[in-house]
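**Q** Questions regarding the structure given below will be posed in turn.
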2 protein chains.
Amino acid sequence: MHTSRVFTRWLIRAVHSFKQARNYSEGLVYAKYGTPEDVLELQEVQIPSVGRDDVKVKVIAAPVNPSDVNVIQGTYPLSPRLPAFGGNEVVGMVTEVGSTITSLKLGDHVIAAQPGIGTWRDTIVCHYDKWLRVPSQLPIQLAATLMVNPATAYRMMSDFVQLEEGDTIIQNGANSGVGQAVIQLAASRNINTINIIRDRPNIDEIKHYLDDLGATVVITEEENSKRDIRSIYECYKSAKLGLNTVGGDSATNLMRQLQQQAVMVTYGGMSRKPVMLPTGSLIFKEIKFVGYWNAKWIERNKNSGPYHQMYDDLIRLGVEGKLKPPKCTEHLLQNYKTALSQAMTSFAGSKQLFVLN
Amino acid sequence: MHTSRVFTRWLIRAVHSFKQARNYSEGLVYAKYGTPEDVLELQEVQIPSVGRDDVKVKVIAAPVNPSDVNVIQGTYPLSPRLPAFGGNEVVGMVTEVGSTITSLKLGDHVIAAQPGIGTWRDTIVCHYDKWLRVPSQLPIQLAATLMVNPATAYRMMSDFVQLEEGDTIIQNGANSGVGQAVIQLAASRNINTINIIRDRPNIDEIKHYLDDLGATVVITEEENSKRDIRSIYECYKSAKLGLNTVGGDSATNLMRQLQQQAVMVTYGGMSRKPVMLPTGSLIFKEIKFVGYWNAKWIERNKNSGPYHQMYDDLIRLGVEGKLKPPKCTEHLLQNYKTALSQAMTSFAGSKQLFVLN
């Protein structure tokens, strides 16, 4: 059985190399919006020639984010022109550069500098400014997933309140990719994190995992709904920043732990319930409620000072081992149906990652 | 009957003048929190001597704001040391100044420069910096009510978005004191206002009244809950600023009319229902939800540049007739029970005003 799977993989790759030699790329394409399993197809597409400002990249790995699925479903506010390749994040290796390119060379590791490229394919040719060079020491699984989750965590911790050493952040969905990045970025700056997760059978295992990442306190949603929860972490200042990816009661309970003039940033709505704001929290507690939309931030700020500062910081932390790669489940492009269905059902756990070359 | 009422008033004032001559002030005092009708008492209190930095003011008029009642009920987040006089706004005339005072002189009209003085009394002696001089041409009823409603309107239009000529504001509770001030301040700057009011028997009368103040469009809550409402005011840009004093469904319907990256400012919660935010309005529509607390703003910014700029602008508009006094129902201090109960039941209509001297 095992031997046969190894052989199958070998055969797929052999066929794939043969196609690439014929200048065809294989990728997951959709021509209409709908359920990804129905509308995506693994297709051969001719690789365009490399123009003077272009770079050709052999894809190493590309993850599946829930928002990638929403784009294909047509429920996301930004939509590509169809037909399109699925996917937005990627890490790859430069295999050819146009005649004007001096900033990238063969063998460089690069990641997508912005969403929208269409990354679920083995080869990508596009304008050099769509790429960002990363050091080859940066773990592949972290490089492939740097643009969405760690960037979201970084910006939410930078753009809304001034956080100093000893300050406290409270977040729900703390086991999500963003949540794990928040814990690590906060730990690297000596900022406390109060981390709320849903109760579940393997709760102790998750608590240990988040503790190891640097979490200050990990509590369940139920614990956080209790009035006397402050006793658990009374040694820490009440939170200056709240991060909400759940909504509904979870957001309301989180809001209660915020200090005067705090900011609550919403970046997801896993419960599919709205955020409910008592009037007093707005007026007398002076809490600000804002959203963070990562793709839009990158669109507006690409190549700005803060954009490069962010990637420099994230890459440095990744190389130093202070920002760890997410847990990943690897898939071949062929197994996209499994990868996509797992991405939508267990996205708080393991990240689904297409591994290609 | 009428003659007898006139005589009663004359008698009350004669007694009052006699008491003042004996150096007693009459005012509405409370020594514990509770229902205002139960805990307030009309008392004689000795007038303190005028210190070198003090100013003595004969009160002309002092309004009843809903928040004044909340303070007495003990439900407001800021509370004075007890016993205290009720009331926060006032206009009066300077009748004596301390030896160091050069900025105010006898006969000047002044208003309270900040909340917390305790204004429901006939004579106030306190530090000169608690007073702000206003021109005597400023209508008494406007001067008496300038610090709360027009200031709230002014700040909400200044501090959250940059409004240009031709921009649009949408507000609910548009017939409230703040709402009417918003309409007039916007009209003076050629800013459009979409004004939402509750349906009621005299709706046409109110619409006419708000139109006369300069409202661009006046619609009912029910009209604004319909999906095709934009056709009513499609000639105007969608709103950059939303002002919410109602909460609940009204706030949700208001939010739908806001443009990308708009701000919704909540300054009241008349429906006693929370504001419900769909996750998408936070993340993808990038709307910010904030509160405005006037008393706190004044506490933090008193005597700052923006504070004086605001009063200069409001006073100028008032003297020019571009900011009209609110409709008022006048009361003697003795009739405080009527004034207070009317203030809590009809605060979207007429302002209850104690008139003293």
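Ligands are numbered from 1 in the order shown, residues from 1 within each chain, and chains are lettered A, B, ... in the order they appear in the structure tokens.
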Got a sec to pull out which chain B residues are within 10 Å of chain A, counting only C-alpha atoms, and send them as JSON, numbers by chain?
**A** {"B": [76, 77, 78, 244, 245, 246, 247, 248, 263, 265, 266, 267, 268, 269, 270, 272, 273, 274, 275, 276, 277, 278, 279, 280, 281, 282, 283, 284, 285, 286, 287, 288, 289, 290, 291, 292, 293, 294, 295, 296]}
**Q** I'd like to know which residues of region 48-232 of chain A are alpha helix (DSSP H) (by DSSP, run on the backbone); could you write them as a PDB file with N, CA and C atoms, in the first residue's frame?
**A**
```pdb
ATOM      1  N   PRO A  66      -9.392  30.265   4.413  1.00  0.00           N
ATOM      2  CA  PRO A  66     -10.851  30.347   4.277  1.00  0.00           C
ATOM      3  C   PRO A  66     -11.271  31.444   3.290  1.00  0.00           C
ATOM      4  N   SER A  67     -10.554  32.567   3.280  1.00  0.00           N
ATOM      5  CA  SER A  67     -10.946  33.639   2.355  1.00  0.00           C
ATOM      6  C   SER A  67     -10.716  33.241   0.895  1.00  0.00           C
ATOM      7  N   ASP A  68      -9.733  32.348   0.642  1.00  0.00           N
ATOM      8  CA  ASP A  68      -9.542  31.845  -0.725  1.00  0.00           C
ATOM      9  C   ASP A  68     -10.816  31.127  -1.189  1.00  0.00           C
ATOM     10  N   VAL A  69     -11.401  30.379  -0.257  1.00  0.00           N
ATOM     11  CA  VAL A  69     -12.617  29.639  -0.585  1.00  0.00           C
ATOM     12  C   VAL A  69     -13.778  30.612  -0.806  1.00  0.00           C
ATOM     13  N   ASN A  70     -13.867  31.653   0.050  1.00  0.00           N
ATOM     14  CA  ASN A  70     -14.927  32.656  -0.116  1.00  0.00           C
ATOM     15  C   ASN A  70     -14.816  33.363  -1.466  1.00  0.00           C
ATOM     16  N   VAL A  71     -13.584  33.605  -1.931  1.00  0.00           N
ATOM     17  CA  VAL A  71     -13.402  34.242  -3.242  1.00  0.00           C
ATOM     18  C   VAL A  71     -14.024  33.362  -4.328  1.00  0.00           C
ATOM     19  N   ILE A  72     -13.748  32.053  -4.265  1.00  0.00           N
ATOM     20  CA  ILE A  72     -14.263  31.128  -5.281  1.00  0.00           C
ATOM     21  C   ILE A  72     -15.788  31.010  -5.180  1.00  0.00           C
ATOM     22  N   GLN A  73     -16.290  31.064  -3.955  1.00  0.00           N
ATOM     23  CA  GLN A  73     -17.743  31.005  -3.761  1.00  0.00           C
ATOM     24  C   GLN A  73     -18.435  32.262  -4.279  1.00  0.00           C
ATOM     25  N   ILE A 140       9.803  27.008   5.068  1.00  0.00           N
ATOM     26  CA  ILE A 140       8.885  27.022   3.929  1.00  0.00           C
ATOM     27  C   ILE A 140       7.430  27.214   4.368  1.00  0.00           C
ATOM     28  N   GLN A 141       7.033  26.496   5.422  1.00  0.00           N
ATOM     29  CA  GLN A 141       5.632  26.563   5.840  1.00  0.00           C
ATOM     30  C   GLN A 141       5.274  27.934   6.419  1.00  0.00           C
ATOM     31  N   LEU A 142       6.254  28.616   6.977  1.00  0.00           N
ATOM     32  CA  LEU A 142       5.993  29.972   7.472  1.00  0.00           C
ATOM     33  C   LEU A 142       5.981  30.967   6.316  1.00  0.00           C
ATOM     34  N   ALA A 143       6.939  30.821   5.407  1.00  0.00           N
ATOM     35  CA  ALA A 143       6.999  31.720   4.250  1.00  0.00           C
ATOM     36  C   ALA A 143       5.700  31.650   3.448  1.00  0.00           C
ATOM     37  N   ASN A 149      -1.957  35.503   7.887  1.00  0.00           N
ATOM     38  CA  ASN A 149      -2.148  35.468   9.343  1.00  0.00           C
ATOM     39  C   ASN A 149      -1.148  36.301  10.143  1.00  0.00           C
ATOM     40  N   PRO A 150       0.156  36.106   9.964  1.00  0.00           N
ATOM     41  CA  PRO A 150       1.074  36.940  10.753  1.00  0.00           C
ATOM     42  C   PRO A 150       0.937  38.432  10.430  1.00  0.00           C
ATOM     43  N   ALA A 151       0.694  38.751   9.151  1.00  0.00           N
ATOM     44  CA  ALA A 151       0.535  40.172   8.800  1.00  0.00           C
ATOM     45  C   ALA A 151      -0.705  40.748   9.479  1.00  0.00           C
ATOM     46  N   THR A 152      -1.789  39.985   9.513  1.00  0.00           N
ATOM     47  CA  THR A 152      -3.008  40.451  10.185  1.00  0.00           C
ATOM     48  C   THR A 152      -2.731  40.710  11.668  1.00  0.00           C
ATOM     49  N   ALA A 153      -2.060  39.752  12.302  1.00  0.00           N
ATOM     50  CA  ALA A 153      -1.731  39.912  13.722  1.00  0.00           C
ATOM     51  C   ALA A 153      -0.864  41.157  13.938  1.00  0.00           C
ATOM     52  N   TYR A 154       0.144  41.293  13.088  1.00  0.00           N
ATOM     53  CA  TYR A 154       1.091  42.409  13.221  1.00  0.00           C
ATOM     54  C   TYR A 154       0.387  43.763  13.095  1.00  0.00           C
ATOM     55  N   ARG A 155      -0.454  43.887  12.079  1.00  0.00           N
ATOM     56  CA  ARG A 155      -1.127  45.180  11.841  1.00  0.00           C
ATOM     57  C   ARG A 155      -2.127  45.508  12.937  1.00  0.00           C
ATOM     58  N   MET A 156      -2.864  44.510  13.386  1.00  0.00           N
ATOM     59  CA  MET A 156      -3.854  44.799  14.433  1.00  0.00           C
ATOM     60  C   MET A 156      -3.164  45.238  15.723  1.00  0.00           C
ATOM     61  N   GLY A 177      -4.890  30.736  13.217  1.00  0.00           N
ATOM     62  CA  GLY A 177      -3.583  31.130  12.709  1.00  0.00           C
ATOM     63  C   GLY A 177      -3.210  32.531  13.159  1.00  0.00           C
ATOM     64  N   VAL A 178      -4.165  33.471  13.056  1.00  0.00           N
ATOM     65  CA  VAL A 178      -3.905  34.834  13.510  1.00  0.00           C
ATOM     66  C   VAL A 178      -3.655  34.835  15.014  1.00  0.00           C
ATOM     67  N   GLY A 179      -4.507  34.097  15.746  1.00  0.00           N
ATOM     68  CA  GLY A 179      -4.380  34.060  17.204  1.00  0.00           C
ATOM     69  C   GLY A 179      -3.002  33.592  17.637  1.00  0.00           C
ATOM     70  N   GLN A 180      -2.490  32.551  16.991  1.00  0.00           N
ATOM     71  CA  GLN A 180      -1.167  32.028  17.343  1.00  0.00           C
ATOM     72  C   GLN A 180      -0.074  33.044  17.024  1.00  0.00           C
ATOM     73  N   ALA A 181      -0.259  33.760  15.918  1.00  0.00           N
ATOM     74  CA  ALA A 181       0.735  34.789  15.579  1.00  0.00           C
ATOM     75  C   ALA A 181       0.689  35.928  16.599  1.00  0.00           C
ATOM     76  N   VAL A 182      -0.519  36.309  17.036  1.00  0.00           N
ATOM     77  CA  VAL A 182      -0.653  37.366  18.053  1.00  0.00           C
ATOM     78  C   VAL A 182       0.111  36.969  19.317  1.00  0.00           C
ATOM     79  N   ILE A 183      -0.088  35.732  19.753  1.00  0.00           N
ATOM     80  CA  ILE A 183       0.582  35.262  20.976  1.00  0.00           C
ATOM     81  C   ILE A 183       2.100  35.415  20.850  1.00  0.00           C
ATOM     82  N   GLN A 184       2.637  35.000  19.712  1.00  0.00           N
ATOM     83  CA  GLN A 184       4.090  35.018  19.537  1.00  0.00           C
ATOM     84  C   GLN A 184       4.635  36.434  19.369  1.00  0.00           C
ATOM     85  N   LEU A 185       3.933  37.257  18.582  1.00  0.00           N
ATOM     86  CA  LEU A 185       4.398  38.641  18.412  1.00  0.00           C
ATOM     87  C   LEU A 185       4.332  39.380  19.745  1.00  0.00           C
ATOM     88  N   ALA A 186       3.256  39.139  20.520  1.00  0.00           N
ATOM     89  CA  ALA A 186       3.128  39.799  21.827  1.00  0.00           C
ATOM     90  C   ALA A 186       4.248  39.335  22.754  1.00  0.00           C
ATOM     91  N   ALA A 187       4.504  38.017  22.783  1.00  0.00           N
ATOM     92  CA  ALA A 187       5.556  37.496  23.673  1.00  0.00           C
ATOM     93  C   ALA A 187       6.904  38.124  23.328  1.00  0.00           C
ATOM     94  N   SER A 188       7.145  38.329  22.025  1.00  0.00           N
ATOM     95  CA  SER A 188       8.441  38.900  21.624  1.00  0.00           C
ATOM     96  C   SER A 188       8.570  40.361  22.064  1.00  0.00           C
ATOM     97  N   ILE A 203      -8.691  20.057  25.013  1.00  0.00           N
ATOM     98  CA  ILE A 203      -8.424  21.423  25.483  1.00  0.00           C
ATOM     99  C   ILE A 203      -7.058  21.551  26.162  1.00  0.00           C
ATOM    100  N   ASP A 204      -6.656  20.525  26.933  1.00  0.00           N
ATOM    101  CA  ASP A 204      -5.386  20.643  27.656  1.00  0.00           C
ATOM    102  C   ASP A 204      -4.204  20.669  26.694  1.00  0.00           C
ATOM    103  N   GLU A 205      -4.315  19.865  25.649  1.00  0.00           N
ATOM    104  CA  GLU A 205      -3.268  19.828  24.631  1.00  0.00           C
ATOM    105  C   GLU A 205      -3.119  21.213  23.976  1.00  0.00           C
ATOM    106  N   ILE A 206      -4.266  21.831  23.642  1.00  0.00           N
ATOM    107  CA  ILE A 206      -4.218  23.164  23.011  1.00  0.00           C
ATOM    108  C   ILE A 206      -3.671  24.201  23.981  1.00  0.00           C
ATOM    109  N   LYS A 207      -4.114  24.126  25.234  1.00  0.00           N
ATOM    110  CA  LYS A 207      -3.590  25.070  26.227  1.00  0.00           C
ATOM    111  C   LYS A 207      -2.066  24.975  26.327  1.00  0.00           C
ATOM    112  N   HIS A 208      -1.571  23.737  26.370  1.00  0.00           N
ATOM    113  CA  HIS A 208      -0.115  23.543  26.431  1.00  0.00           C
ATOM    114  C   HIS A 208       0.570  24.136  25.210  1.00  0.00           C
ATOM    115  N   TYR A 209      -0.035  23.877  24.050  1.00  0.00           N
ATOM    116  CA  TYR A 209       0.557  24.357  22.805  1.00  0.00           C
ATOM    117  C   TYR A 209       0.638  25.892  22.814  1.00  0.00           C
ATOM    118  N   LEU A 210      -0.465  26.548  23.208  1.00  0.00           N
ATOM    119  CA  LEU A 210      -0.483  28.022  23.238  1.00  0.00           C
ATOM    120  C   LEU A 210       0.446  28.561  24.332  1.00  0.00           C
ATOM    121  N   ASP A 211       0.493  27.857  25.461  1.00  0.00           N
ATOM    122  CA  ASP A 211       1.447  28.249  26.518  1.00  0.00           C
ATOM    123  C   ASP A 211       2.872  28.234  25.971  1.00  0.00           C
ATOM    124  N   ASP A 212       3.190  27.174  25.238  1.00  0.00           N
ATOM    125  CA  ASP A 212       4.537  27.051  24.676  1.00  0.00           C
ATOM    126  C   ASP A 212       4.844  28.179  23.688  1.00  0.00           C
ATOM    127  N   LEU A 213       3.817  28.633  22.987  1.00  0.00           N
ATOM    128  CA  LEU A 213       4.035  29.742  22.048  1.00  0.00           C
ATOM    129  C   LEU A 213       4.289  31.059  22.789  1.00  0.00           C
ATOM    130  N   GLU A 221     -14.171  29.989  26.513  1.00  0.00           N
ATOM    131  CA  GLU A 221     -15.278  30.934  26.340  1.00  0.00           C
ATOM    132  C   GLU A 221     -16.169  30.926  27.572  1.00  0.00           C
ATOM    133  N   GLU A 222     -16.426  29.729  28.094  1.00  0.00           N
ATOM    134  CA  GLU A 222     -17.326  29.641  29.246  1.00  0.00           C
ATOM    135  C   GLU A 222     -16.714  30.341  30.461  1.00  0.00           C
ATOM    136  N   GLU A 223     -15.430  30.102  30.680  1.00  0.00           N
ATOM    137  CA  GLU A 223     -14.780  30.794  31.802  1.00  0.00           C
ATOM    138  C   GLU A 223     -14.863  32.310  31.636  1.00  0.00           C
ATOM    139  N   ASN A 224     -14.665  32.776  30.400  1.00  0.00           N
ATOM    140  CA  ASN A 224     -14.670  34.223  30.178  1.00  0.00           C
ATOM    141  C   ASN A 224     -16.062  34.839  30.298  1.00  0.00           C
TER     142      ASN A 224
END
```
**Q** Based on DSSP run over this structure's backbone, return all residues of region 61-118 of chain A in strand (DSSP E or B), as a ChimeraX atom specification.
**A** /A:61-64,84-85,91-97,109-112
**Q** Extract, using only C-alpha atoms, all DNA, RNA and protein residues at most 8 Å from Ala84 (chain B), discarding same-chain residues fewer than 5 positions from it, and format them as a VMD selection string.
**A** chain B and resid 29 to 31 118
**Q** Of the candidates B:Ile117, B:Val50, B:Ala144, B:Thr345, which shows the shortest atom-to-atom distance to Met93 (chain B), using only C-alpha atoms?
**A**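 So, comparing all the options, the nearest one is B:Ala144.
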**Q** How many Å separate CA of Ile191 (chain B) from CA of Gln171 (chain B)?
**A**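 Rounded to one decimal, the two atoms are 12.9 Å apart.
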**Q** Could you name the residues that touch Glu96 (chain B) at 8 Å or less, counting only C-alpha atoms, but leaving out those on the same chain fewer than 3 positions away, as a list in words?
**A**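 Selected residues are Val50, Val55, Lys56, Val57, Lys105 and Leu106 of chain B.
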**Q** Taking all heavy atoms for each residue, export the selection above as a PDB file, in the first residue's frame.
**A**
```
ATOM      1  N   VAL B  50     -17.700  86.149  48.268  1.00  0.00           N
ATOM      2  CA  VAL B  50     -16.999  86.105  46.980  1.00  0.00           C
ATOM      3  C   VAL B  50     -15.497  86.246  47.222  1.00  0.00           C
ATOM      4  O   VAL B  50     -15.025  87.310  47.633  1.00  0.00           O
ATOM      5  CB  VAL B  50     -17.528  87.230  46.061  1.00  0.00           C
ATOM      6  CG1 VAL B  50     -16.751  87.259  44.751  1.00  0.00           C
ATOM      7  CG2 VAL B  50     -19.015  87.028  45.795  1.00  0.00           C
ATOM      8  N   VAL B  55     -16.477  84.621  41.162  1.00  0.00           N
ATOM      9  CA  VAL B  55     -17.455  85.464  40.479  1.00  0.00           C
ATOM     10  C   VAL B  55     -18.836  85.053  40.999  1.00  0.00           C
ATOM     11  O   VAL B  55     -19.110  83.865  41.175  1.00  0.00           O
ATOM     12  CB  VAL B  55     -17.368  85.255  38.944  1.00  0.00           C
ATOM     13  CG1 VAL B  55     -18.514  85.942  38.230  1.00  0.00           C
ATOM     14  CG2 VAL B  55     -16.027  85.764  38.418  1.00  0.00           C
ATOM     15  N   LYS B  56     -19.668  86.051  41.250  1.00  0.00           N
ATOM     16  CA  LYS B  56     -21.039  85.775  41.681  1.00  0.00           C
ATOM     17  C   LYS B  56     -21.964  86.010  40.495  1.00  0.00           C
ATOM     18  O   LYS B  56     -21.876  87.046  39.821  1.00  0.00           O
ATOM     19  CB  LYS B  56     -21.410  86.710  42.831  1.00  0.00           C
ATOM     20  CG  LYS B  56     -22.775  86.456  43.437  1.00  0.00           C
ATOM     21  CD  LYS B  56     -23.009  87.499  44.546  1.00  0.00           C
ATOM     22  CE  LYS B  56     -24.073  87.103  45.516  1.00  0.00           C
ATOM     23  NZ  LYS B  56     -24.088  88.040  46.656  1.00  0.00           N
ATOM     24  N   VAL B  57     -22.807  85.037  40.242  1.00  0.00           N
ATOM     25  CA  VAL B  57     -23.670  85.096  39.063  1.00  0.00           C
ATOM     26  C   VAL B  57     -25.125  84.920  39.487  1.00  0.00           C
ATOM     27  O   VAL B  57     -25.455  83.994  40.237  1.00  0.00           O
ATOM     28  CB  VAL B  57     -23.272  83.990  38.050  1.00  0.00           C
ATOM     29  CG1 VAL B  57     -24.299  83.868  36.937  1.00  0.00           C
ATOM     30  CG2 VAL B  57     -21.884  84.282  37.469  1.00  0.00           C
ATOM     31  N   LYS B 105     -16.882  91.356  34.002  1.00  0.00           N
ATOM     32  CA  LYS B 105     -17.289  92.553  34.761  1.00  0.00           C
ATOM     33  C   LYS B 105     -18.789  92.501  35.035  1.00  0.00           C
ATOM     34  O   LYS B 105     -19.528  91.710  34.421  1.00  0.00           O
ATOM     35  CB  LYS B 105     -16.884  93.806  33.998  1.00  0.00           C
ATOM     36  CG  LYS B 105     -17.534  93.956  32.642  1.00  0.00           C
ATOM     37  CD  LYS B 105     -17.112  95.251  31.959  1.00  0.00           C
ATOM     38  CE  LYS B 105     -18.033  95.555  30.770  1.00  0.00           C
ATOM     39  NZ  LYS B 105     -18.126  94.430  29.804  1.00  0.00           N
ATOM     40  N   LEU B 106     -19.244  93.346  35.942  1.00  0.00           N
ATOM     41  CA  LEU B 106     -20.656  93.359  36.315  1.00  0.00           C
ATOM     42  C   LEU B 106     -21.540  93.519  35.076  1.00  0.00           C
ATOM     43  O   LEU B 106     -21.230  94.327  34.199  1.00  0.00           O
ATOM     44  CB  LEU B 106     -20.944  94.517  37.292  1.00  0.00           C
ATOM     45  CG  LEU B 106     -20.170  94.513  38.608  1.00  0.00           C
ATOM     46  CD1 LEU B 106     -20.883  95.395  39.651  1.00  0.00           C
ATOM     47  CD2 LEU B 106     -20.005  93.111  39.150  1.00  0.00           C
TER      48      LEU B 106
END
```
**Q** Taking 2 positions as the minimum chain separation for residues in the same chain, which residues sit within 10 Å of Leu138 (chain A) when counting only C-alpha atoms? Answer as number ranges by chain.
**A** A: 109, 134-136, 140-144, 315-321, 324-325
**Q** May I have the residues from that selection written out with C-alpha atoms, as a short mmCIF file (atom, residue, chain, number, x, y, z; two decimals), in the first residue's frame?
**A**
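The resulting file, part15.cif, is reproduced below:
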```cif
data_model
loop_
_atom_site.label_atom_id
_atom_site.label_comp_id
_atom_site.auth_asym_id
_atom_site.auth_seq_id
_atom_site.Cartn_x
_atom_site.Cartn_y
_atom_site.Cartn_z
CA HIS A 109 12.96 32.30 -2.49
CA VAL A 134 12.57 36.07 1.59
CA PRO A 135 15.70 34.42 2.98
CA SER A 136 15.98 30.72 2.24
CA ILE A 140 8.88 27.02 3.93
CA GLN A 141 5.63 26.56 5.84
CA LEU A 142 5.99 29.97 7.47
CA ALA A 143 7.00 31.72 4.25
CA ALA A 144 3.97 30.23 2.48
CA ILE A 315 10.93 37.54 8.59
CA ARG A 316 13.47 38.32 11.32
CA LEU A 317 11.23 36.73 13.97
CA GLY A 318 10.69 33.73 11.70
CA VAL A 319 14.41 33.22 11.09
CA GLU A 320 15.11 33.60 14.82
CA GLY A 321 12.47 30.97 15.59
CA LYS A 324 6.91 29.43 14.35
CA PRO A 325 5.36 27.93 11.20
#
```
**Q** May I have the residues within 10 Å of Thr102 (chain A) as a PyMOL selection string, using only C-alpha atoms and disregarding those fewer than 3 positions away in the same chain?
**A** chain A and resi 53+97-99+105+128
**Q** Please measure the separation of CA of Ala251 (chain A) and CA of Leu241 (chain B), giving the value in Å to one decimal.
**A**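 So the two atoms, CA of Ala251 (chain A) and CA of Leu241 (chain B), lie 24.6 Å apart.
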